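Dropping model.cif in here (mmCIF, C-alpha atoms):
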```cif
data_protein
loop_
_atom_site.group_PDB
_atom_site.id
_atom_site.type_symbol
_atom_site.label_atom_id
_atom_site.label_comp_id
_atom_site.auth_asym_id
_atom_site.auth_seq_id
_atom_site.Cartn_x
_atom_site.Cartn_y
_atom_site.Cartn_z
ATOM 1 C CA MET S 1 -17.631 159.158 -18.046
ATOM 2 C CA LEU S 2 -16.046 156.103 -16.469
ATOM 3 C CA ASP S 3 -18.155 153.552 -14.628
ATOM 4 C CA ALA S 4 -16.167 154.310 -11.483
ATOM 5 C CA ASP S 5 -17.091 157.987 -11.702
ATOM 6 C CA PHE S 6 -20.761 157.192 -12.203
ATOM 7 C CA ASP S 7 -20.752 154.753 -9.274
ATOM 8 C CA TYR S 8 -19.104 157.368 -7.086
ATOM 9 C CA LEU S 9 -21.775 159.932 -7.971
ATOM 10 C CA ARG S 10 -24.556 157.424 -7.311
ATOM 11 C CA ASN S 11 -23.220 156.705 -3.826
ATOM 12 C CA TYR S 12 -22.493 160.381 -3.195
ATOM 13 C CA LEU S 13 -26.051 161.438 -4.036
ATOM 14 C CA LYS S 14 -27.597 158.543 -2.111
ATOM 15 C CA GLU S 15 -25.733 159.451 1.068
ATOM 16 C CA ARG S 16 -26.499 163.167 0.888
ATOM 17 C CA SER S 17 -30.007 163.342 -0.534
ATOM 18 C CA GLY S 18 -31.490 159.855 -0.596
ATOM 19 C CA LEU S 19 -31.636 159.988 -4.404
ATOM 20 C CA SER S 20 -31.396 156.501 -5.860
ATOM 21 C CA LEU S 21 -29.905 156.957 -9.329
ATOM 22 C CA SER S 22 -30.445 153.853 -11.460
ATOM 23 C CA ALA S 23 -28.162 152.904 -14.331
ATOM 24 C CA GLU S 24 -30.708 153.981 -16.943
ATOM 25 C CA LYS S 25 -30.642 157.506 -15.466
ATOM 26 C CA ARG S 26 -26.992 157.914 -16.334
ATOM 27 C CA TYR S 27 -27.897 160.486 -18.974
ATOM 28 C CA LEU S 28 -29.106 162.815 -16.215
ATOM 29 C CA VAL S 29 -25.575 163.144 -14.898
ATOM 30 C CA ASP S 30 -24.312 164.752 -18.090
ATOM 31 C CA SER S 31 -27.418 166.896 -18.696
ATOM 32 C CA ARG S 32 -27.684 168.256 -15.149
ATOM 33 C CA LEU S 33 -24.052 168.401 -14.118
ATOM 34 C CA GLY S 34 -22.768 169.858 -17.387
ATOM 35 C CA PRO S 35 -23.882 173.378 -16.374
ATOM 36 C CA ILE S 36 -22.310 172.850 -12.942
ATOM 37 C CA CYS S 37 -19.005 171.980 -14.584
ATOM 38 C CA ARG S 38 -19.124 175.185 -16.610
ATOM 39 C CA ARG S 39 -20.057 177.265 -13.576
ATOM 40 C CA PHE S 40 -17.062 175.967 -11.610
ATOM 41 C CA SER S 41 -14.684 176.008 -14.616
ATOM 42 C CA LEU S 42 -14.298 172.236 -14.682
ATOM 43 C CA THR S 43 -13.465 170.315 -17.840
ATOM 44 C CA GLY S 44 -16.223 167.758 -17.376
ATOM 45 C CA VAL S 45 -17.808 165.223 -15.027
ATOM 46 C CA PRO S 46 -14.525 163.333 -14.397
ATOM 47 C CA ASP S 47 -12.925 166.573 -13.257
ATOM 48 C CA LEU S 48 -15.983 167.300 -11.096
ATOM 49 C CA VAL S 49 -15.747 163.860 -9.465
ATOM 50 C CA THR S 50 -12.083 164.479 -8.693
ATOM 51 C CA LYS S 51 -13.001 167.714 -6.922
ATOM 52 C CA LEU S 52 -15.773 165.985 -4.970
ATOM 53 C CA ARG S 53 -13.395 163.247 -3.853
ATOM 54 C CA GLN S 54 -11.102 165.918 -2.435
ATOM 55 C CA GLY S 55 -13.969 167.193 -0.270
ATOM 56 C CA ARG S 56 -12.752 170.776 -0.133
ATOM 57 C CA ASP S 57 -15.381 172.716 -2.068
ATOM 58 C CA ARG S 58 -18.673 172.994 -0.150
ATOM 59 C CA ALA S 59 -20.214 175.221 -2.785
ATOM 60 C CA LEU S 60 -19.561 172.597 -5.462
ATOM 61 C CA GLU S 61 -20.942 169.827 -3.275
ATOM 62 C CA THR S 62 -24.142 171.773 -2.663
ATOM 63 C CA ALA S 63 -24.507 172.648 -6.348
ATOM 64 C CA VAL S 64 -24.177 169.001 -7.394
ATOM 65 C CA VAL S 65 -26.837 167.791 -4.956
ATOM 66 C CA GLU S 66 -29.240 170.595 -5.843
ATOM 67 C CA ALA S 67 -28.777 170.100 -9.589
ATOM 68 C CA MET S 68 -29.610 166.412 -9.317
ATOM 69 C CA THR S 69 -32.559 166.741 -6.926
ATOM 70 C CA THR S 70 -34.386 169.825 -8.218
ATOM 71 C CA ASN S 71 -37.648 168.638 -9.770
ATOM 72 C CA GLU S 72 -40.505 170.112 -11.725
ATOM 73 C CA THR S 73 -43.506 171.597 -9.985
ATOM 74 C CA PHE S 74 -46.416 173.873 -10.817
ATOM 75 C CA PHE S 75 -49.460 175.442 -9.210
ATOM 76 C CA PHE S 76 -52.263 173.028 -8.233
ATOM 77 C CA ARG S 77 -50.240 170.174 -9.696
ATOM 78 C CA ASP S 78 -52.433 167.156 -10.522
ATOM 79 C CA LYS S 79 -55.481 169.121 -9.259
ATOM 80 C CA THR S 80 -57.004 166.194 -7.282
ATOM 81 C CA PRO S 81 -54.825 166.543 -4.145
ATOM 82 C CA PHE S 82 -55.928 170.169 -3.870
ATOM 83 C CA ASP S 83 -59.587 169.328 -4.501
ATOM 84 C CA ILE S 84 -59.333 166.762 -1.694
ATOM 85 C CA PHE S 85 -57.872 169.401 0.588
ATOM 86 C CA ARG S 86 -60.617 171.915 -0.217
ATOM 87 C CA GLU S 87 -63.582 169.524 -0.205
ATOM 88 C CA THR S 88 -62.644 166.827 2.340
ATOM 89 C CA ILE S 89 -59.645 167.603 4.529
ATOM 90 C CA LEU S 90 -60.370 171.231 5.344
ATOM 91 C CA PRO S 91 -64.039 170.679 6.321
ATOM 92 C CA GLN S 92 -63.000 167.776 8.559
ATOM 93 C CA MET S 93 -60.270 169.840 10.187
ATOM 94 C CA LEU S 94 -62.648 172.748 10.737
ATOM 95 C CA SER S 95 -64.814 170.406 12.752
ATOM 96 C CA ALA S 96 -62.099 168.451 14.539
ATOM 97 C CA ARG S 97 -60.026 171.536 15.435
ATOM 98 C CA ALA S 98 -62.914 173.865 16.317
ATOM 99 C CA GLY S 99 -61.816 173.956 19.939
ATOM 100 C CA LYS S 100 -58.127 174.716 19.410
ATOM 101 C CA ARG S 101 -58.573 176.674 16.189
ATOM 102 C CA LYS S 102 -55.102 175.695 15.014
ATOM 103 C CA LEU S 103 -54.026 173.981 11.820
ATOM 104 C CA ARG S 104 -50.484 172.988 10.866
ATOM 105 C CA ILE S 105 -49.607 171.961 7.304
ATOM 106 C CA TRP S 106 -46.273 170.711 6.023
ATOM 107 C CA CYS S 107 -45.229 170.648 2.367
ATOM 108 C CA ALA S 108 -42.245 168.334 2.617
ATOM 109 C CA ALA S 109 -40.841 168.813 -0.889
ATOM 110 C CA ALA S 110 -41.832 172.377 -1.681
ATOM 111 C CA SER S 111 -39.375 173.091 -4.502
ATOM 112 C CA SER S 112 -39.968 176.633 -5.818
ATOM 113 C CA GLY S 113 -43.109 177.157 -3.760
ATOM 114 C CA GLN S 114 -46.049 176.462 -6.035
ATOM 115 C CA GLU S 115 -47.507 173.717 -3.824
ATOM 116 C CA PRO S 116 -47.587 175.613 -0.501
ATOM 117 C CA TYR S 117 -48.757 178.796 -2.222
ATOM 118 C CA SER S 118 -51.576 176.807 -3.859
ATOM 119 C CA LEU S 119 -52.691 175.642 -0.412
ATOM 120 C CA ALA S 120 -52.392 179.180 0.935
ATOM 121 C CA MET S 121 -54.704 180.453 -1.800
ATOM 122 C CA ILE S 122 -57.276 177.762 -0.979
ATOM 123 C CA LEU S 123 -57.124 178.750 2.683
ATOM 124 C CA ASP S 124 -57.523 182.402 1.803
ATOM 125 C CA GLU S 125 -60.610 181.535 -0.245
ATOM 126 C CA ALA S 126 -61.994 179.931 2.941
ATOM 127 C CA ARG S 127 -61.025 182.920 5.075
ATOM 128 C CA ALA S 128 -64.571 183.489 6.382
ATOM 129 C CA LYS S 129 -64.692 179.950 7.805
ATOM 130 C CA LEU S 130 -61.197 180.297 9.291
ATOM 131 C CA SER S 131 -61.879 183.504 11.169
ATOM 132 C CA GLY S 132 -59.925 183.380 14.431
ATOM 133 C CA TRP S 133 -57.785 180.414 13.406
ATOM 134 C CA GLN S 134 -54.025 180.102 13.659
ATOM 135 C CA ILE S 135 -52.843 178.678 10.334
ATOM 136 C CA GLU S 136 -49.276 177.547 9.848
ATOM 137 C CA ILE S 137 -47.819 176.305 6.553
ATOM 138 C CA ILE S 138 -44.253 175.019 6.717
ATOM 139 C CA ALA S 139 -42.599 174.364 3.360
ATOM 140 C CA THR S 140 -39.271 172.549 3.194
ATOM 141 C CA ASP S 141 -36.870 171.445 0.502
ATOM 142 C CA ILE S 142 -33.302 170.210 0.334
ATOM 143 C CA ALA S 143 -32.283 172.788 -2.285
ATOM 144 C CA ALA S 144 -31.400 176.255 -1.008
ATOM 145 C CA GLU S 145 -31.519 177.783 -4.481
ATOM 146 C CA VAL S 146 -35.132 176.848 -5.206
ATOM 147 C CA LEU S 147 -36.141 177.880 -1.690
ATOM 148 C CA GLU S 148 -34.830 181.361 -2.378
ATOM 149 C CA LYS S 149 -37.009 181.484 -5.468
ATOM 150 C CA ALA S 150 -39.955 180.258 -3.414
ATOM 151 C CA LYS S 151 -39.403 182.920 -0.758
ATOM 152 C CA ALA S 152 -39.291 185.614 -3.441
ATOM 153 C CA GLY S 153 -42.650 184.492 -4.853
ATOM 154 C CA VAL S 154 -41.809 185.696 -8.354
ATOM 155 C CA TYR S 155 -42.807 183.563 -11.341
ATOM 156 C CA THR S 156 -42.595 183.697 -15.101
ATOM 157 C CA GLN S 157 -45.549 183.859 -17.461
ATOM 158 C CA PHE S 158 -44.964 180.198 -18.294
ATOM 159 C CA GLU S 159 -45.040 179.205 -14.622
ATOM 160 C CA VAL S 160 -48.293 180.989 -13.801
ATOM 161 C CA GLN S 161 -49.981 179.556 -16.899
ATOM 162 C CA ARG S 162 -49.436 175.985 -15.676
ATOM 163 C CA GLY S 163 -52.328 174.905 -13.465
ATOM 164 C CA LEU S 164 -53.177 178.296 -12.001
ATOM 165 C CA PRO S 165 -56.815 179.350 -12.633
ATOM 166 C CA ILE S 166 -57.012 182.755 -14.289
ATOM 167 C CA GLN S 167 -59.210 184.143 -11.505
ATOM 168 C CA MET S 168 -56.566 183.267 -8.929
ATOM 169 C CA LEU S 169 -53.820 184.751 -11.075
ATOM 170 C CA LEU S 170 -55.679 188.051 -11.248
ATOM 171 C CA LYS S 171 -56.611 187.988 -7.555
ATOM 172 C CA TYR S 172 -53.338 186.900 -5.991
ATOM 173 C CA PHE S 173 -50.593 188.080 -8.364
ATOM 174 C CA GLN S 174 -49.345 191.398 -9.643
ATOM 175 C CA GLN S 175 -47.573 191.653 -12.973
ATOM 176 C CA LYS S 176 -44.342 193.630 -13.021
ATOM 177 C CA GLY S 177 -42.710 193.594 -16.418
ATOM 178 C CA ASP S 178 -42.420 189.992 -17.575
ATOM 179 C CA ALA S 179 -42.758 188.565 -14.061
ATOM 180 C CA TRP S 180 -45.691 187.801 -11.781
ATOM 181 C CA HIS S 181 -45.333 188.542 -8.057
ATOM 182 C CA ILE S 182 -47.511 186.658 -5.595
ATOM 183 C CA SER S 183 -49.349 188.881 -3.133
ATOM 184 C CA PRO S 184 -47.614 189.700 0.164
ATOM 185 C CA ALA S 185 -50.621 188.307 2.053
ATOM 186 C CA ILE S 186 -50.261 184.872 0.472
ATOM 187 C CA LYS S 187 -46.482 184.947 0.741
ATOM 188 C CA SER S 188 -46.700 185.712 4.458
ATOM 189 C CA MET S 189 -48.765 182.558 5.045
ATOM 190 C CA VAL S 190 -45.845 180.251 4.215
ATOM 191 C CA THR S 191 -42.607 179.743 6.145
ATOM 192 C CA PHE S 192 -39.807 178.164 4.119
ATOM 193 C CA LYS S 193 -37.054 176.074 5.703
ATOM 194 C CA GLN S 194 -34.199 174.050 4.234
ATOM 195 C CA MET S 195 -34.659 170.428 5.231
ATOM 196 C CA ASN S 196 -33.294 167.082 4.069
ATOM 197 C CA LEU S 197 -35.951 164.370 4.352
ATOM 198 C CA ILE S 198 -33.402 161.618 4.939
ATOM 199 C CA LYS S 199 -32.234 163.476 8.044
ATOM 200 C CA ASP S 200 -34.054 163.979 11.347
ATOM 201 C CA PHE S 201 -36.973 166.408 11.025
ATOM 202 C CA SER S 202 -38.602 165.833 14.413
ATOM 203 C CA GLN S 203 -37.804 169.430 15.405
ATOM 204 C CA LEU S 204 -40.554 170.583 13.048
ATOM 205 C CA GLY S 205 -43.152 169.185 15.444
ATOM 206 C CA GLN S 206 -46.513 167.598 14.690
ATOM 207 C CA PHE S 207 -48.726 168.342 11.698
ATOM 208 C CA ASP S 208 -52.381 167.921 10.823
ATOM 209 C CA VAL S 209 -51.745 167.680 7.076
ATOM 210 C CA ILE S 210 -48.559 166.562 5.333
ATOM 211 C CA TYR S 211 -47.974 166.872 1.604
ATOM 212 C CA CYS S 212 -45.007 164.720 0.575
ATOM 213 C CA ARG S 213 -45.659 164.349 -3.117
ATOM 214 C CA ASN S 214 -43.414 163.140 -5.924
ATOM 215 C CA VAL S 215 -40.285 162.773 -3.830
ATOM 216 C CA LEU S 216 -40.415 159.197 -2.517
ATOM 217 C CA ILE S 217 -40.208 157.935 -6.101
ATOM 218 C CA TYR S 218 -36.552 158.984 -6.129
ATOM 219 C CA PHE S 219 -35.645 156.907 -3.051
ATOM 220 C CA ASP S 220 -34.833 153.217 -2.744
ATOM 221 C CA GLN S 221 -37.125 150.998 -0.668
ATOM 222 C CA PRO S 222 -35.271 151.196 2.682
ATOM 223 C CA THR S 223 -35.152 154.988 2.438
ATOM 224 C CA LYS S 224 -38.853 155.168 1.565
ATOM 225 C CA THR S 225 -39.688 152.992 4.565
ATOM 226 C CA ASP S 226 -37.608 155.143 6.893
ATOM 227 C CA VAL S 227 -39.076 158.430 5.641
ATOM 228 C CA LEU S 228 -42.643 157.116 5.875
ATOM 229 C CA ARG S 229 -42.020 155.888 9.424
ATOM 230 C CA ARG S 230 -40.833 159.317 10.485
ATOM 231 C CA LEU S 231 -43.637 161.068 8.591
ATOM 232 C CA SER S 232 -46.184 159.014 10.500
ATOM 233 C CA SER S 233 -44.538 160.053 13.770
ATOM 234 C CA ALA S 234 -44.893 163.708 12.743
ATOM 235 C CA LEU S 235 -48.616 163.274 12.028
ATOM 236 C CA ALA S 236 -51.450 164.154 14.397
ATOM 237 C CA PRO S 237 -53.530 161.078 15.357
ATOM 238 C CA ASP S 238 -56.347 162.144 13.027
ATOM 239 C CA GLY S 239 -54.082 163.820 10.486
ATOM 240 C CA VAL S 240 -53.556 162.923 6.850
ATOM 241 C CA VAL S 241 -50.648 162.447 4.464
ATOM 242 C CA LEU S 242 -50.861 163.031 0.715
ATOM 243 C CA LEU S 243 -48.404 161.287 -1.597
ATOM 244 C CA GLY S 244 -47.885 161.509 -5.344
ATOM 245 C CA ALA S 245 -49.935 159.465 -7.796
ATOM 246 C CA ALA S 246 -47.057 157.040 -8.372
ATOM 247 C CA GLU S 247 -46.325 156.624 -4.656
ATOM 248 C CA THR S 248 -47.803 154.331 -2.015
ATOM 249 C CA VAL S 249 -47.261 153.094 1.527
ATOM 250 C CA ILE S 250 -48.273 149.540 0.655
ATOM 251 C CA GLY S 251 -45.401 147.176 1.382
ATOM 252 C CA LEU S 252 -43.410 150.017 2.901
ATOM 253 C CA SER S 253 -45.184 151.167 6.058
ATOM 254 C CA ASP S 254 -47.819 149.747 8.388
ATOM 255 C CA ALA S 255 -48.135 153.029 10.289
ATOM 256 C CA LEU S 256 -50.147 154.596 7.453
ATOM 257 C CA ALA S 257 -53.108 153.184 5.569
ATOM 258 C CA PRO S 258 -54.768 154.236 2.289
ATOM 259 C CA HIS S 259 -57.958 156.226 2.655
ATOM 260 C CA PRO S 260 -60.829 154.132 1.244
ATOM 261 C CA ALA S 261 -62.291 156.960 -0.816
ATOM 262 C CA HIS S 262 -59.350 159.010 -2.029
ATOM 263 C CA ARG S 263 -56.324 157.731 -3.904
ATOM 264 C CA GLY S 264 -53.090 159.271 -2.683
ATOM 265 C CA LEU S 265 -54.544 160.117 0.743
ATOM 266 C CA TYR S 266 -53.303 158.211 3.801
ATOM 267 C CA VAL S 267 -54.321 158.107 7.454
ATOM 268 C CA ALA S 268 -52.820 156.656 10.633
ATOM 269 C CA SER S 269 -53.396 152.908 10.707
ATOM 270 C CA GLY S 270 -52.934 152.318 14.431
ATOM 271 C CA LYS S 271 -49.853 150.174 13.718
ATOM 272 C CA GLY S 272 -46.147 150.829 13.460
ATOM 273 C CA ALA S 273 -44.091 153.455 15.253
ATOM 274 C CA ALA S 274 -46.930 155.883 15.844
ATOM 275 C CA GLY S 275 -49.173 153.311 17.532
ATOM 276 C CA ARG S 276 -52.340 155.321 17.002
ATOM 277 C CA GLY S 277 -55.939 154.532 16.260
ATOM 278 C CA THR S 278 -57.406 154.663 12.809
ATOM 279 C CA ALA S 279 -58.761 158.050 11.772
ATOM 280 C CA ASP S 280 -61.015 158.706 8.823
ATOM 281 C CA PRO S 281 -60.688 162.275 7.519
ATOM 282 C CA ALA S 282 -64.071 161.969 5.857
ATOM 283 C CA ALA S 283 -65.800 160.920 9.064
ATOM 284 C CA ALA S 284 -66.917 164.412 10.020
ATOM 285 C CA GLY S 285 -69.368 165.907 7.549
ATOM 286 C CA ALA S 286 -69.574 169.531 6.511
ATOM 287 C CA ASP S 287 -72.869 169.832 8.355
ATOM 288 C CA LYS S 288 -70.999 169.412 11.672
ATOM 289 C CA ILE S 289 -68.572 172.272 11.088
ATOM 290 C CA ARG S 290 -68.494 174.872 13.839
ATOM 291 C CA VAL S 291 -66.806 178.099 12.744
ATOM 292 C CA PRO S 292 -65.426 180.286 15.552
ATOM 293 C CA SER S 293 -65.432 184.051 15.373
ATOM 294 C CA GLY S 294 -62.494 186.457 15.347
ATOM 295 C CA GLY S 295 -59.795 187.391 12.895
ATOM 296 C CA LEU S 296 -57.667 185.012 10.851
ATOM 297 C CA ARG S 297 -54.151 184.872 12.268
ATOM 298 C CA ILE S 298 -51.272 183.551 10.230
ATOM 299 C CA ALA S 299 -48.534 182.114 12.383
ATOM 300 C CA ALA S 300 -44.845 182.226 11.704
ATOM 301 C CA GLY S 301 -43.053 178.922 11.401
ATOM 302 C CA GLY S 302 -41.392 177.278 14.365
#
```
Rewrite the coordinates I just gave you, this time as structure tokens.
Amino acid sequence: MLDADFDYLRNYLKERSGLSLSAEKRYLVDSRLGPICRRFSLTGVPDLVTKLRQGRDRALETAVVEAMTTNETFFFRDKTPFDIFRETILPQMLSARAGKRKLRIWCAAASSGQEPYSLAMILDEARAKLSGWQIEIIATDIAAEVLEKAKAGVYTQFEVQRGLPIQMLLKYFQQKGDAWHISPAIKSMVTFKQMNLIKDFSQLGQFDVIYCRNVLIYFDQPTKTDVLRRLSSALAPDGVVLLGAAETVIGLSDALAPHPAHRGLYVASGKGAAGRGTADPAAAGADKIRVPSGGLRIAAGG
């Protein structure tokens, strides 16, 4: 592959997905785009670049972006962000939202669905406390192909063995042949939408909880700053954002501040574009929770 071809692909991916492909990641081009070349009967990456330059094959363009941006995920990945949700965020939201009885959650890089389905299972486990609540989980990703897999809710034995507790596997999945199908009840709790984080996402509205984990690491600094600014604008004044373990807002955004007790958890700082007061998601204790009565209602996405 010529340097000119590699440089073209780097710029192409940056403009369309925000992916910042460093020189040492050059090997990814051959490993991930090789199958794309075979699928479209191309002789190799140089031939693929020629086709991209012509700008006539939308299917090829989409396949290239999705091949380079599809990343690994699994149920309850890294465990801690889900423990924080169960033990800290959800109790606080139960108290703070007791009047409205509404909770909106956004998984901003949902991939094949394991993250939003993990949150849905936690919420189902807390069903008694959420009686009468309107719960909305919006899950977005740039890649249409993985979103279709997420919508189907069908996983391999390998996928359900990674991070998923056996009791949840038996409770929320049904085995059909070699595949595991997530329960219709859990599947119905999540609305999937195709969304590019480097584009405007204000139409999604405001959220109480935003998971944007393990995606900012692929962006350059200006793109990270821009995405974080817009994430903070999509956050409720007392909402929270969870980033990946290798991600931070420090030096990138003054609209969000690290939570003092939980690594990877961020709250509105009262600075920046949002201009809101500081909110501590741990401020309301579990002893102050007021649980309304009624039936749990799962809202469709909007």
Starting from the PyMOL selection byres ((chain S and resi 182) around 6), expand the selection into actual residues of this file and give them as a compact mmCIF listing (two decimals) with C-alpha atoms, keeping the file's coordinate frame.
```txt
# COMPACT_ATOMS: atom_id res chain seq x y z
CA GLY S 153 -42.65 184.49 -4.85
CA TYR S 172 -53.34 186.90 -5.99
CA PHE S 173 -50.59 188.08 -8.36
CA HIS S 181 -45.33 188.54 -8.06
CA SER S 183 -49.35 188.88 -3.13
```
Quick one: axis-aligned box around all listed atoms of range 27-34 of chain S, 3 Å on every side, centre and edge lengths in Å to one decimal, written as JSON.
```
{"center_x": -25.9, "center_y": 165.2, "center_z": -16.5, "size_x": 12.3, "size_y": 15.4, "size_z": 10.9}
```
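Of the residues listed (S:Ile84, S:Tyr8, S:Tyr218, S:Gln54), S:Tyr218 shows the shortest atom-to-atom separation from Lys25 in chain S; distances use only C-alpha atoms.
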| On this structure, which residues satisfy the PyMOL selection byres ((chain S and resi 206) around 6), written as a VMD selection string? | chain S and resid 205 207 234 to 235
- Item | Among listed residues S:Met168, S:Glu66, S:Glu125, S:Phe85, nearest Val146 in chain S (using only C-alpha atoms) |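 Looking at the shortest contact to Val146 in chain S, the residue is S:Glu66.
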Quick one: apply the PyMOL selection byres ((chain S and resi 93-107) around 6) to the file and drop the selected residues here as a PDB file with C-alpha atoms, keeping the file's coordinate frame.
```
ATOM      1  CA  LEU S  90     -60.370 171.231   5.344  1.00  0.00           C
ATOM      2  CA  PRO S  91     -64.039 170.679   6.321  1.00  0.00           C
ATOM      3  CA  GLN S  92     -63.000 167.776   8.559  1.00  0.00           C
ATOM      4  CA  ALA S 108     -42.245 168.334   2.617  1.00  0.00           C
ATOM      5  CA  ALA S 109     -40.841 168.813  -0.889  1.00  0.00           C
ATOM      6  CA  ALA S 110     -41.832 172.377  -1.681  1.00  0.00           C
ATOM      7  CA  TRP S 133     -57.785 180.414  13.406  1.00  0.00           C
ATOM      8  CA  GLN S 134     -54.025 180.102  13.659  1.00  0.00           C
ATOM      9  CA  ILE S 135     -52.843 178.678  10.334  1.00  0.00           C
ATOM     10  CA  GLU S 136     -49.276 177.547   9.848  1.00  0.00           C
ATOM     11  CA  ILE S 137     -47.819 176.305   6.553  1.00  0.00           C
ATOM     12  CA  ILE S 138     -44.253 175.019   6.717  1.00  0.00           C
ATOM     13  CA  ALA S 139     -42.599 174.364   3.360  1.00  0.00           C
ATOM     14  CA  PHE S 207     -48.726 168.342  11.698  1.00  0.00           C
ATOM     15  CA  ASP S 208     -52.381 167.921  10.823  1.00  0.00           C
ATOM     16  CA  VAL S 209     -51.745 167.680   7.076  1.00  0.00           C
ATOM     17  CA  ILE S 210     -48.559 166.562   5.333  1.00  0.00           C
ATOM     18  CA  TYR S 211     -47.974 166.872   1.604  1.00  0.00           C
ATOM     19  CA  ILE S 289     -68.572 172.272  11.088  1.00  0.00           C
ATOM     20  CA  ARG S 290     -68.494 174.872  13.839  1.00  0.00           C
TER      21      ARG S 290
END
```
I'd like to know which of S:Lys171, S:Arg26, S:Lys193, S:Arg58 is closest to Leu147 in chain S, using only C-alpha atoms.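 Smallest separation from Leu147 in chain S among the options: S:Lys193.
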